[in-house]
$ cat input-v1.tsv   # TSV, C-alpha atoms
chain	number	residue	atom	x	y	z
E	1	MET	CA	31.47	-1.78	3.39
E	2	THR	CA	27.96	-0.59	2.58
E	3	ILE	CA	24.80	-0.92	4.66
E	4	GLY	CA	21.24	-0.37	3.51
E	5	ILE	CA	17.94	-1.85	2.43
E	6	ASP	CA	18.46	-5.40	1.22
E	7	GLN	CA	14.77	-6.31	0.90
E	8	ILE	CA	11.55	-4.29	1.10
E	9	ASN	CA	7.88	-5.25	0.94
E	10	PHE	CA	4.49	-3.85	1.88
E	11	TYR	CA	1.12	-5.23	2.91
E	12	VAL	CA	-2.28	-3.54	2.97
E	13	PRO	CA	-5.66	-4.97	4.03
E	14	ARG	CA	-7.69	-6.32	1.13
E	15	PHE	CA	-10.56	-3.84	1.57
E	16	TYR	CA	-10.76	-0.28	0.30
E	17	VAL	CA	-13.26	2.51	-0.18
E	18	ASP	CA	-13.46	4.71	-3.28
E	19	MET	CA	-12.66	8.30	-2.35
E	20	ALA	CA	-15.11	9.81	-4.85
E	21	LYS	CA	-17.93	7.80	-3.30
E	22	LEU	CA	-16.82	8.77	0.20
E	23	ALA	CA	-16.86	12.43	-0.85
E	24	GLU	CA	-20.36	12.14	-2.28
E	25	SER	CA	-21.56	10.47	0.91
E	26	ARG	CA	-20.05	13.32	2.93
E	27	GLN	CA	-21.65	15.87	0.56
E	28	VAL	CA	-18.25	17.10	-0.55
E	29	ASP	CA	-17.10	17.80	-4.11
E	30	PRO	CA	-15.19	14.60	-5.11
E	31	ASN	CA	-12.41	16.74	-6.58
E	32	LYS	CA	-11.60	17.93	-3.08
E	33	PHE	CA	-10.41	14.39	-2.35
E	34	LEU	CA	-9.24	13.33	-5.82
E	35	LEU	CA	-7.41	16.53	-6.73
E	36	GLY	CA	-7.29	18.61	-3.55
E	37	ILE	CA	-5.45	16.01	-1.48
E	38	GLY	CA	-4.63	13.64	-4.35
E	39	GLN	CA	-6.20	10.44	-3.01
E	40	TYR	CA	-8.16	7.92	-5.12
E	41	GLU	CA	-8.71	4.98	-2.75
E	42	MET	CA	-8.30	4.38	0.98
E	43	ALA	CA	-7.35	1.08	2.60
E	44	VAL	CA	-9.91	-0.12	5.15
E	45	SER	CA	-8.69	-2.27	8.02
E	46	PRO	CA	-10.82	-5.11	9.42
E	47	VAL	CA	-10.55	-6.08	13.08
E	48	SER	CA	-8.61	-9.18	12.01
E	49	GLN	CA	-5.69	-7.03	10.77
E	50	ASP	CA	-3.78	-5.06	13.40
E	51	ILE	CA	-0.21	-3.74	13.46
E	52	VAL	CA	1.14	-7.20	14.35
E	53	THR	CA	-0.54	-9.10	11.53
E	54	MET	CA	0.06	-6.40	8.94
E	55	GLY	CA	3.72	-6.20	9.93
E	56	ALA	CA	4.14	-9.96	9.85
E	57	ASN	CA	2.32	-10.19	6.51
E	58	ALA	CA	4.61	-7.53	5.04
E	59	ALA	CA	7.70	-9.38	6.27
E	60	LYS	CA	6.86	-13.03	5.67
E	61	ASP	CA	7.43	-13.03	1.90
E	62	ILE	CA	10.90	-11.46	2.04
E	63	ILE	CA	12.39	-13.47	4.90
E	64	THR	CA	14.16	-16.70	4.05
E	65	ASP	CA	15.09	-19.45	6.47
E	66	GLU	CA	18.67	-18.14	6.39
E	67	ASP	CA	17.44	-14.63	7.22
E	68	LYS	CA	15.62	-16.01	10.26
E	69	LYS	CA	18.96	-17.26	11.54
E	70	GLN	CA	20.79	-14.00	10.81
E	71	ILE	CA	18.25	-11.45	12.08
E	72	SER	CA	19.43	-10.35	15.51
E	73	MET	CA	17.12	-7.36	15.99
E	74	VAL	CA	13.47	-6.67	15.18
E	75	ILE	CA	12.23	-3.08	15.42
E	76	VAL	CA	8.62	-2.08	14.92
E	77	ALA	CA	7.86	1.60	14.33
E	78	THR	CA	4.24	2.52	15.03
E	79	GLU	CA	1.92	5.13	16.48
E	80	SER	CA	-0.92	2.58	16.63
E	81	ALA	CA	0.43	0.59	19.57
E	82	ILE	CA	-1.86	-2.14	20.91
E	83	ASP	CA	-0.08	-2.36	24.27
E	84	SER	CA	1.63	0.26	26.43
E	85	ALA	CA	4.26	-2.19	27.66
E	86	LYS	CA	4.66	-5.23	25.40
E	87	ALA	CA	6.39	-4.50	22.09
E	88	SER	CA	4.57	-5.71	18.99
E	89	ALA	CA	8.01	-6.73	17.71
E	90	VAL	CA	7.95	-9.62	20.19
E	91	GLN	CA	4.74	-10.99	18.68
E	92	ILE	CA	5.97	-10.50	15.11
E	93	HIS	CA	9.25	-12.21	16.01
E	94	ASN	CA	7.24	-15.21	17.18
E	95	LEU	CA	4.91	-15.34	14.17
E	96	LEU	CA	7.83	-15.24	11.73
E	97	GLY	CA	9.86	-17.89	13.55
E	98	ILE	CA	12.99	-15.78	13.92
E	99	GLN	CA	15.83	-17.27	15.99
E	100	PRO	CA	15.33	-16.58	19.73
E	101	PHE	CA	18.52	-14.65	20.49
E	102	ALA	CA	17.32	-11.37	19.03
E	103	ARG	CA	16.51	-7.93	20.43
E	104	CYS	CA	12.88	-6.89	19.90
E	105	ILE	CA	11.71	-3.32	20.49
E	106	GLU	CA	9.00	-0.86	19.50
E	107	MET	CA	9.72	2.79	18.61
E	108	LYS	CA	7.44	5.85	18.61
E	109	GLU	CA	7.57	9.39	17.30
E	110	ALA	CA	4.42	9.85	15.23
E	111	CYS	CA	5.12	8.98	11.56
E	112	TYR	CA	8.89	9.37	11.90
E	113	ALA	CA	9.94	6.33	13.95
E	114	ALA	CA	10.82	3.97	11.08
E	115	THR	CA	13.63	6.31	10.06
E	116	PRO	CA	15.53	6.30	13.39
E	117	ALA	CA	14.88	2.55	13.43
E	118	ILE	CA	16.76	2.26	10.14
E	119	GLN	CA	19.54	4.54	11.38
E	120	LEU	CA	19.83	2.46	14.56
E	121	ALA	CA	19.99	-0.69	12.46
E	122	LYS	CA	22.69	0.85	10.27
E	123	ASP	CA	24.88	1.74	13.24
E	124	TYR	CA	24.25	-1.64	14.86
E	125	LEU	CA	25.28	-3.56	11.75
E	126	ALA	CA	28.48	-1.61	11.21
E	127	GLN	CA	30.26	-4.00	13.59
E	128	ARG	CA	28.16	-7.08	12.75
E	129	PRO	CA	28.71	-8.05	9.09
E	130	ASP	CA	27.00	-11.42	9.40
E	131	GLU	CA	23.80	-10.17	11.06
E	132	LYS	CA	20.64	-8.47	9.79
E	133	VAL	CA	17.93	-6.24	11.25
E	134	LEU	CA	14.24	-6.42	10.43
E	135	VAL	CA	12.57	-3.00	10.51
E	136	ILE	CA	8.78	-2.85	10.25
E	137	ALA	CA	6.56	0.22	10.00
E	138	SER	CA	2.95	-0.71	10.72
E	139	ASP	CA	-0.04	1.52	11.41
E	140	THR	CA	-3.76	2.09	11.08
E	141	ALA	CA	-4.49	5.78	10.53
E	142	ARG	CA	-7.84	6.66	12.11
E	143	TYR	CA	-9.37	10.10	12.62
E	144	GLY	CA	-13.02	9.21	13.11
E	145	LEU	CA	-16.06	9.05	10.85
E	146	ASN	CA	-17.15	12.38	9.38
E	147	SER	CA	-14.06	14.07	10.80
E	148	GLY	CA	-11.86	16.54	8.99
E	149	GLY	CA	-9.05	14.00	8.82
E	150	GLU	CA	-11.23	11.13	7.60
E	151	PRO	CA	-10.09	11.34	3.95
E	152	THR	CA	-6.46	10.98	5.05
E	153	GLN	CA	-6.94	7.64	6.78
E	154	GLY	CA	-5.46	4.32	5.67
E	155	ALA	CA	-3.79	1.16	6.91
E	156	GLY	CA	-0.77	-0.91	6.03
E	157	ALA	CA	2.77	-1.98	6.82
E	158	VAL	CA	6.20	-1.89	5.22
E	159	ALA	CA	8.91	-4.40	6.12
E	160	MET	CA	12.61	-3.91	5.39
E	161	ILE	CA	15.64	-6.11	5.92
E	162	ILE	CA	18.67	-3.96	6.67
E	163	SER	CA	22.05	-5.56	6.03
E	164	GLN	CA	25.56	-5.04	4.81
E	165	ASN	CA	26.02	-5.25	1.03
E	166	PRO	CA	22.33	-4.51	0.36
E	167	ARG	CA	20.66	-5.37	-2.94
E	168	ILE	CA	18.35	-2.34	-3.24
E	169	LEU	CA	19.52	0.90	-1.61
E	170	GLU	CA	22.84	1.80	0.01
E	171	LEU	CA	22.40	4.31	2.84
E	172	ASN	CA	24.78	7.25	2.91
E	173	ASP	CA	26.31	8.73	6.07
E	174	ASP	CA	24.59	12.07	5.68
E	175	ALA	CA	21.40	12.29	7.73
E	176	VAL	CA	20.25	15.61	9.21
E	177	ALA	CA	17.41	15.68	11.76
E	178	PHE	CA	15.41	18.71	12.88
E	179	THR	CA	13.33	18.77	16.09
E	180	GLU	CA	10.78	21.39	17.10
E	181	ASP	CA	8.17	21.19	19.86
E	182	VAL	CA	4.85	21.91	18.13
E	183	TYR	CA	1.30	20.68	18.66
E	184	ASP	CA	0.27	20.05	15.07
E	185	PHE	CA	-0.95	16.47	15.62
E	186	TRP	CA	-0.99	14.51	18.87
E	187	ARG	CA	-2.96	11.81	20.67
E	188	PRO	CA	-2.97	11.90	24.48
E	189	SER	CA	-3.01	8.54	26.26
E	190	GLY	CA	-6.53	7.12	26.31
E	191	GLN	CA	-7.72	9.13	23.32
E	192	PRO	CA	-9.01	6.89	20.49
E	193	TYR	CA	-8.33	9.46	17.77
E	194	PRO	CA	-5.64	12.11	17.34
E	195	LEU	CA	-6.10	15.82	17.83
E	196	VAL	CA	-5.11	17.85	14.78
E	197	ASP	CA	-4.49	21.48	13.96
E	198	GLY	CA	-4.79	21.11	10.19
E	199	ALA	CA	-3.29	24.43	9.11
E	200	LEU	CA	-0.45	24.19	11.62
E	201	SER	CA	0.20	20.59	10.59
E	202	LYS	CA	0.80	21.57	6.97
E	203	ASP	CA	2.99	24.53	7.96
E	204	ALA	CA	5.01	22.47	10.45
E	205	TYR	CA	5.63	19.75	7.84
E	206	ILE	CA	6.91	22.23	5.23
E	207	HIS	CA	8.97	24.14	7.82
E	208	SER	CA	10.57	20.91	9.03
E	209	PHE	CA	11.42	19.91	5.48
E	210	GLN	CA	12.93	23.27	4.62
E	211	GLU	CA	15.02	23.38	7.79
E	212	SER	CA	16.37	19.83	7.43
E	213	TRP	CA	16.98	20.20	3.67
E	214	ASN	CA	18.73	23.55	3.97
E	215	GLU	CA	20.98	22.30	6.76
E	216	TYR	CA	21.65	19.09	4.83
E	217	ALA	CA	22.58	21.05	1.68
E	218	ARG	CA	24.85	23.37	3.69
E	219	ARG	CA	26.49	20.64	5.76
E	220	TYR	CA	27.19	18.27	2.85
E	221	ASN	CA	27.54	20.82	0.05
E	222	LYS	CA	24.65	19.35	-1.94
E	223	THR	CA	22.11	20.81	-4.36
E	224	LEU	CA	19.00	19.41	-6.01
E	225	ASP	CA	21.17	18.61	-9.03
E	226	ASN	CA	22.76	15.82	-6.99
E	227	PHE	CA	19.51	13.84	-6.78
E	228	LYS	CA	17.66	11.76	-9.33
E	229	SER	CA	14.52	11.93	-7.22
E	230	LEU	CA	13.18	12.78	-3.77
E	231	CYS	CA	10.78	10.76	-1.61
E	232	PHE	CA	8.62	12.24	1.13
E	233	HIS	CA	6.47	11.17	4.03
E	234	VAL	CA	3.01	11.09	2.42
E	235	PRO	CA	0.04	11.64	4.76
E	236	PHE	CA	-1.72	12.55	1.50
E	237	THR	CA	-0.06	12.92	-1.86
E	238	LYS	CA	-0.42	16.70	-2.18
E	239	MET	CA	1.38	17.27	1.14
E	240	GLY	CA	4.79	16.17	-0.07
E	241	LYS	CA	4.24	18.02	-3.34
E	242	LYS	CA	3.70	21.27	-1.43
E	243	ALA	CA	7.00	20.71	0.37
E	244	LEU	CA	8.81	19.91	-2.86
E	245	ASP	CA	7.37	22.96	-4.60
E	246	SER	CA	8.58	25.15	-1.72
E	247	ILE	CA	12.20	24.58	-2.76
E	248	LEU	CA	11.65	24.53	-6.53
E	249	THR	CA	12.21	28.27	-6.66
E	250	ASP	CA	13.05	30.47	-9.63
E	251	SER	CA	16.72	29.71	-9.07
E	252	VAL	CA	16.16	26.03	-9.95
E	253	ASP	CA	16.43	25.24	-13.66
E	254	GLU	CA	13.45	23.84	-15.54
E	255	GLN	CA	15.11	20.49	-16.23
E	256	THR	CA	15.65	19.88	-12.52
E	257	LYS	CA	12.09	20.93	-11.73
E	258	ALA	CA	10.72	18.55	-14.37
E	259	ARG	CA	12.92	15.67	-13.18
E	260	LEU	CA	11.98	15.99	-9.51
E	261	THR	CA	8.29	16.56	-10.25
E	262	SER	CA	8.16	13.46	-12.46
E	263	GLY	CA	9.90	11.44	-9.79
E	264	TYR	CA	7.47	12.67	-7.15
E	265	GLU	CA	4.45	11.62	-9.20
E	266	ASP	CA	5.83	8.10	-9.59
E	267	ALA	CA	6.92	7.95	-5.95
E	268	THR	CA	3.36	8.61	-4.77
E	269	TYR	CA	1.52	6.32	-7.18
E	270	TYR	CA	0.97	3.51	-4.66
E	271	ASN	CA	0.12	5.97	-1.87
E	272	ARG	CA	-2.80	7.35	-3.92
E	273	TYR	CA	-4.48	3.95	-3.71
E	274	VAL	CA	-3.69	3.16	-0.08
E	275	GLY	CA	-3.94	6.38	1.92
E	276	ASN	CA	-1.95	7.30	4.99
E	277	ILE	CA	-0.08	4.50	6.72
E	278	TYR	CA	1.77	6.80	9.13
E	279	THR	CA	5.25	5.33	9.82
E	280	GLY	CA	5.28	3.38	6.56
E	281	SER	CA	4.18	6.20	4.24
E	282	LEU	CA	7.69	7.35	3.26
E	283	TYR	CA	8.78	3.78	2.59
E	284	LEU	CA	5.66	2.89	0.60
E	285	SER	CA	6.58	5.95	-1.49
E	286	LEU	CA	10.11	4.58	-1.88
E	287	ILE	CA	8.72	1.26	-3.11
E	288	SER	CA	6.50	3.13	-5.54
E	289	LEU	CA	9.50	5.04	-6.89
E	290	LEU	CA	11.60	1.89	-7.22
E	291	GLU	CA	8.86	0.04	-9.08
E	292	THR	CA	7.40	2.73	-11.34
E	293	HIS	CA	10.26	5.14	-12.14
E	294	ASP	CA	13.23	4.83	-14.48
E	295	LEU	CA	16.24	4.49	-12.19
E	296	SER	CA	19.83	3.43	-12.74
E	297	ALA	CA	22.64	2.09	-10.58
E	298	ASP	CA	24.28	4.79	-8.42
E	299	ASP	CA	21.34	7.21	-8.76
E	300	ALA	CA	21.08	9.29	-5.58
E	301	ILE	CA	17.67	9.32	-3.87
E	302	GLY	CA	16.83	11.89	-1.21
E	303	LEU	CA	14.32	10.98	1.51
E	304	PHE	CA	12.42	13.25	3.88
E	305	SER	CA	10.89	11.66	6.96
E	306	TYR	CA	8.50	13.55	9.22
E	307	GLY	CA	6.68	12.89	12.46
E	308	SER	CA	4.31	15.41	13.96
E	309	GLY	CA	5.23	16.94	17.25
E	310	SER	CA	7.75	17.23	15.55
E	311	VAL	CA	10.85	15.58	14.12
E	312	GLY	CA	11.97	15.71	10.51
E	313	GLU	CA	14.98	14.12	8.86
E	314	PHE	CA	16.56	14.37	5.43
E	315	PHE	CA	18.92	11.60	4.36
E	316	SER	CA	19.95	9.86	1.16
E	317	GLY	CA	20.73	6.57	-0.45
E	318	LYS	CA	22.24	5.19	-3.65
E	319	ILE	CA	20.53	2.76	-6.00
E	320	VAL	CA	22.26	-0.63	-6.21
E	321	LYS	CA	22.91	-2.26	-9.57
E	322	GLY	CA	20.30	-4.95	-10.27
E	323	TYR	CA	17.94	-3.62	-7.59
E	324	GLN	CA	14.90	-4.65	-9.66
E	325	ASP	CA	15.74	-8.32	-9.07
E	326	ALA	CA	15.09	-7.85	-5.35
E	327	LEU	CA	11.62	-6.33	-5.85
E	328	ASP	CA	8.25	-8.08	-6.14
E	329	ILE	CA	6.67	-5.68	-8.63
E	330	GLN	CA	3.99	-8.07	-9.90
E	331	GLY	CA	3.13	-9.20	-6.39
E	332	HIS	CA	2.57	-5.61	-5.31
E	333	LYS	CA	0.40	-4.90	-8.33
E	334	ASP	CA	-1.65	-8.01	-7.59
E	335	LEU	CA	-2.04	-7.03	-3.95
E	336	LEU	CA	-3.50	-3.66	-4.88
E	337	ASN	CA	-5.55	-4.83	-7.87
E	338	ASN	CA	-7.14	-7.82	-6.14
E	339	ARG	CA	-8.58	-5.92	-3.19
E	340	THR	CA	-12.32	-5.75	-2.52
E	341	GLU	CA	-14.12	-2.42	-2.78
E	342	VAL	CA	-16.61	-1.82	0.03
E	343	SER	CA	-19.45	0.65	0.07
E	344	VAL	CA	-19.31	3.68	2.35
E	345	GLU	CA	-21.90	2.01	4.57
E	346	THR	CA	-19.80	-1.15	4.81
E	347	TYR	CA	-16.66	0.89	5.45
E	348	GLU	CA	-18.44	2.60	8.36
E	349	SER	CA	-19.43	-0.77	9.80
E	350	PHE	CA	-15.82	-1.95	9.55
E	351	PHE	CA	-14.68	1.24	11.29
E	352	LYS	CA	-17.09	0.81	14.19
E	353	ARG	CA	-16.25	-2.88	14.62
E	354	PHE	CA	-12.55	-2.00	14.70
E	355	ASP	CA	-13.17	0.51	17.50
E	356	ASN	CA	-15.24	-1.98	19.47
E	357	LEU	CA	-13.05	-5.04	18.71
E	358	GLU	CA	-16.08	-6.88	17.36
E	359	PHE	CA	-14.92	-9.74	15.13
E	360	ASP	CA	-16.72	-10.80	11.97
E	361	HIS	CA	-14.45	-13.43	10.49
E	362	GLU	CA	-17.14	-14.65	8.09
E	363	THR	CA	-17.01	-11.27	6.34
E	364	GLU	CA	-13.40	-10.30	6.93
E	365	LEU	CA	-11.76	-13.60	6.00
E	366	ALA	CA	-14.02	-14.51	3.06
E	367	ASP	CA	-11.86	-14.99	-0.04
E	368	GLU	CA	-8.76	-13.96	1.92
E	369	GLN	CA	-5.37	-15.12	0.68
E	370	LYS	CA	-4.01	-18.32	2.15
E	371	ASN	CA	-1.11	-18.21	4.63
E	372	ILE	CA	-2.11	-14.75	5.80
E	373	PHE	CA	-1.63	-13.94	9.48
E	374	TYR	CA	-4.75	-12.63	11.21
E	375	LEU	CA	-6.01	-11.73	14.67
E	376	GLU	CA	-8.33	-14.57	15.63
E	377	SER	CA	-9.55	-13.48	19.07
E	378	ILE	CA	-8.86	-11.48	22.22
E	379	ASN	CA	-9.34	-13.25	25.54
E	380	ASP	CA	-8.52	-11.63	28.89
E	381	HIS	CA	-6.69	-8.88	26.94
E	382	ILE	CA	-4.47	-11.50	25.32
E	383	ARG	CA	-4.36	-11.34	21.52
E	384	ASN	CA	-4.44	-14.70	19.78
E	385	TYR	CA	-3.03	-14.86	16.24
E	386	ASN	CA	-3.44	-17.52	13.60
E	387	THR	CA	-2.65	-18.27	9.97
E	388	LEU	CA	-5.31	-18.80	7.34
E	389	ASN	CA	-4.67	-22.21	5.75
$ encode --input "input-v1.tsv" --output "structure tokens"
Amino acid sequence: MTIGIDQINFYVPRFYVDMAKLAESRQVDPNKFLLGIGQYEMAVSPVSQDIVTMGANAAKDIITDEDKKQISMVIVATESAIDSAKASAVQIHNLLGIQPFARCIEMKEACYAATPAIQLAKDYLAQRPDEKVLVIASDTARYGLNSGGEPTQGAGAVAMIISQNPRILELNDDAVAFTEDVYDFWRPSGQPYPLVDGALSKDAYIHSFQESWNEYARRYNKTLDNFKSLCFHVPFTKMGKKALDSILTDSVDEQTKARLTSGYEDATYYNRYVGNIYTGSLYLSLISLLETHDLSADDAIGLFSYGSGSVGEFFSGKIVKGYQDALDIQGHKDLLNNRTEVSVETYESFFKRFDNLEFDHETELADEQKNIFYLESINDHIRNYNTLN
């Protein structure tokens, strides 16, 4: 019996801002964004796309009518919650038309929560061979205009169907988690934007990776030679590279260094054009690796998940034969290539409207894809969703 990722898909809003132009507007050398943090474009979220619609849009194209009957749990991982009580999974469950006898919950631990969601799904399905779990990571990363974290913003969602006998990635029984109480990034209740200690955040990320990797290697007698590639949580593409470089020491042979570095570049290709999507960043990186890198059946992939505060986890999976047949490579390319670039001024107007929940459907839904879920209105604090026909 194997359990893992049977289907995987992502969705990002159709608007983006060019990072070089944002840098120029902020009177910063564009190379600070393009090379320094490794970001080319940043997804911009309109008011009409929140964590519910993005999550549902990511899931709708991979869920069949049979899946809707078999899914018995929906888990949404997010740090962009729109309600302190009601789980966004309940709303997504409704939009997707999943059978009613399903558990629906929301999980939180900064950018890490999608990983324990997958591990929970894996354990849950061990005794339920005929059922499936839908795991969604959906977030809008927002630090504020003209803030230090502004260039590491983004928005998007990743949806995964976890099942027995998966078609894409088999999950191994080898996860190691590392927890450490640290204030590197946090957002107290009522605060619209997070508080960040930039230097500490980078150090905490690398420390968490080193601790979880070293314990993983010791506990399971593994080395870097055992892996075809590694995927990382990607708040910006240079962050994961710094963590990877920290273990590519002089004791590692040049062939291994070249292999893992090449894999990392391919694994972060999509992230460069989307930005930070918090809980979904690791899994967007996984999709990027699957769709842009040369992989073979039974290749071992290592994954490092991180959530500030902090919890890190290193775990692994094995590529399934024929995995490419379960991917929508052209659809993902079209999604990214057919987005609309907005000026910095327009991006700022989108940002302010998002904060103030001021709808502008004429602008936000113009030329939008058909059958896309969107937030239509908010009345008496009740969010009303619709589908664009």
$ residues_around --input "input-v1.tsv" --residues "range 234-250 of chain E" --least-positions-apart "4" --cutoff "9 Å" --atoms "only C-alpha atoms" --output "VMD selection string"
chain E and resid 35 to 39 111 151 to 153 202 205 to 207 209 to 210 224 230 254 256 to 257 260 to 261 264 to 265 268 to 269 271 to 272 275 to 278 281 to 282 284 to 285
$ atom_distance --input "input-v1.tsv" --atom1 "CA of His233 in chain E" --atom2 "CA of Tyr283 in chain E"
7.9 Å
$ atom_distance --input "input-v1.tsv" --atom1 "CA of Ile105 in chain E" --atom2 "CA of Ala87 in chain E"
5.7 Å
$ residues_around --input "input-v1.tsv" --residues "Val344 in chain E" --least-positions-apart "4" --cutoff "9 Å" --atoms "only C-alpha atoms" --output "compact mmCIF listing (two decimals) with C-alpha atoms, keeping the file's coordinate frame"
# COMPACT_ATOMS: atom_id res chain seq x y z
CA VAL E 17 -13.26 2.51 -0.18
CA ASP E 18 -13.46 4.71 -3.28
CA LYS E 21 -17.93 7.80 -3.30
CA LEU E 22 -16.82 8.77 0.20
CA SER E 25 -21.56 10.47 0.91
CA GLU E 348 -18.44 2.60 8.36
CA SER E 349 -19.43 -0.77 9.80
$ atom_distance --input "input-v1.tsv" --atom1 "CA of Glu345 in chain E" --atom2 "CA of Ala58 in chain E"
28.2 Å
$ closest_residue --input "input-v1.tsv" --among "E:Ala77, E:Ile168, E:Ala126, E:Ala117" --to "Asp325 in chain E" --atoms "all atoms listed in the file"
E:Ile168
$ closest_residue --input "input-v1.tsv" --among "E:Ala43, E:Ala20, E:Ile98, E:Val196" --to "Glu66 in chain E" --atoms "all atoms listed in the file"
E:Ile98
$ closest_residue --input "input-v1.tsv" --among "E:Thr64, E:Thr179, E:Ser308, E:Ser84" --to "Lys132 in chain E" --atoms "all atoms listed in the file"
E:Thr64
$ residues_around --input "input-v1.tsv" --residues "Pro166 in chain E" --least-positions-apart "4" --cutoff "8 Å" --atoms "all atoms listed in the file" --output "ChimeraX atom specification"
/E:2-7,162,170,320
$ residues_near_point --input "input-v1.tsv" --point "(-5.5, 19.5, 10.6)" --cutoff "8 Å" --atoms "all atoms listed in the file" --output "PyMOL selection string"
chain E and resi 148-149+184-185+196-202
$ closest_residue --input "input-v1.tsv" --among "E:Asn57, E:Gln99, E:Gln49, E:Asn165" --to "Asn371 in chain E" --atoms "only C-alpha atoms"
E:Asn57
$ residues_near_point --input "input-v1.tsv" --point "(20.4, 2.4, 14.3)" --cutoff "12 Å" --atoms "all atoms listed in the file" --output "PyMOL selection string"
chain E and resi 3-4+73-75+107+113-127+132-135+162-163+171+173+175
$ residues_around --input "input-v1.tsv" --residues "Tyr16 in chain E" --least-positions-apart "4" --cutoff "9 Å" --atoms "all atoms listed in the file" --output "number ranges by chain"
E: 41-45, 154, 273-274, 339-343, 347
$ closest_residue --input "input-v1.tsv" --among "E:Ala81, E:Leu295, E:Val311, E:Ala217" --to "Ala204 in chain E" --atoms "all atoms listed in the file"
E:Val311
$ closest_residue --input "input-v1.tsv" --among "E:Ser296, E:Tyr183, E:Gln369, E:Leu335" --to "Gly309 in chain E" --atoms "all atoms listed in the file"
E:Tyr183
$ decode --input "input-v1.tsv" --residues "range 169-182 of chain E" --atoms "C-alpha atoms" --output "PDB file, in the first residue's frame"
ATOM      1  CA  LEU E 169       4.340  11.140  -5.645  1.00  0.00           C
ATOM      2  CA  GLU E 170       4.417   8.352  -3.062  1.00  0.00           C
ATOM      3  CA  LEU E 171       5.065   9.684   0.441  1.00  0.00           C
ATOM      4  CA  ASN E 172       7.643   7.858   2.523  1.00  0.00           C
ATOM      5  CA  ASP E 173       7.321   7.171   6.259  1.00  0.00           C
ATOM      6  CA  ASP E 174      10.298   9.301   7.198  1.00  0.00           C
ATOM      7  CA  ALA E 175       9.270  12.797   8.265  1.00  0.00           C
ATOM      8  CA  VAL E 176      11.274  14.712  10.881  1.00  0.00           C
ATOM      9  CA  ALA E 177       9.880  17.930  12.379  1.00  0.00           C
ATOM     10  CA  PHE E 178      11.786  20.560  14.356  1.00  0.00           C
ATOM     11  CA  THR E 179      10.071  23.161  16.574  1.00  0.00           C
ATOM     12  CA  GLU E 180      11.666  26.233  18.128  1.00  0.00           C
ATOM     13  CA  ASP E 181       9.934  29.225  19.716  1.00  0.00           C
ATOM     14  CA  VAL E 182      11.301  32.255  17.851  1.00  0.00           C
TER      15      VAL E 182
END
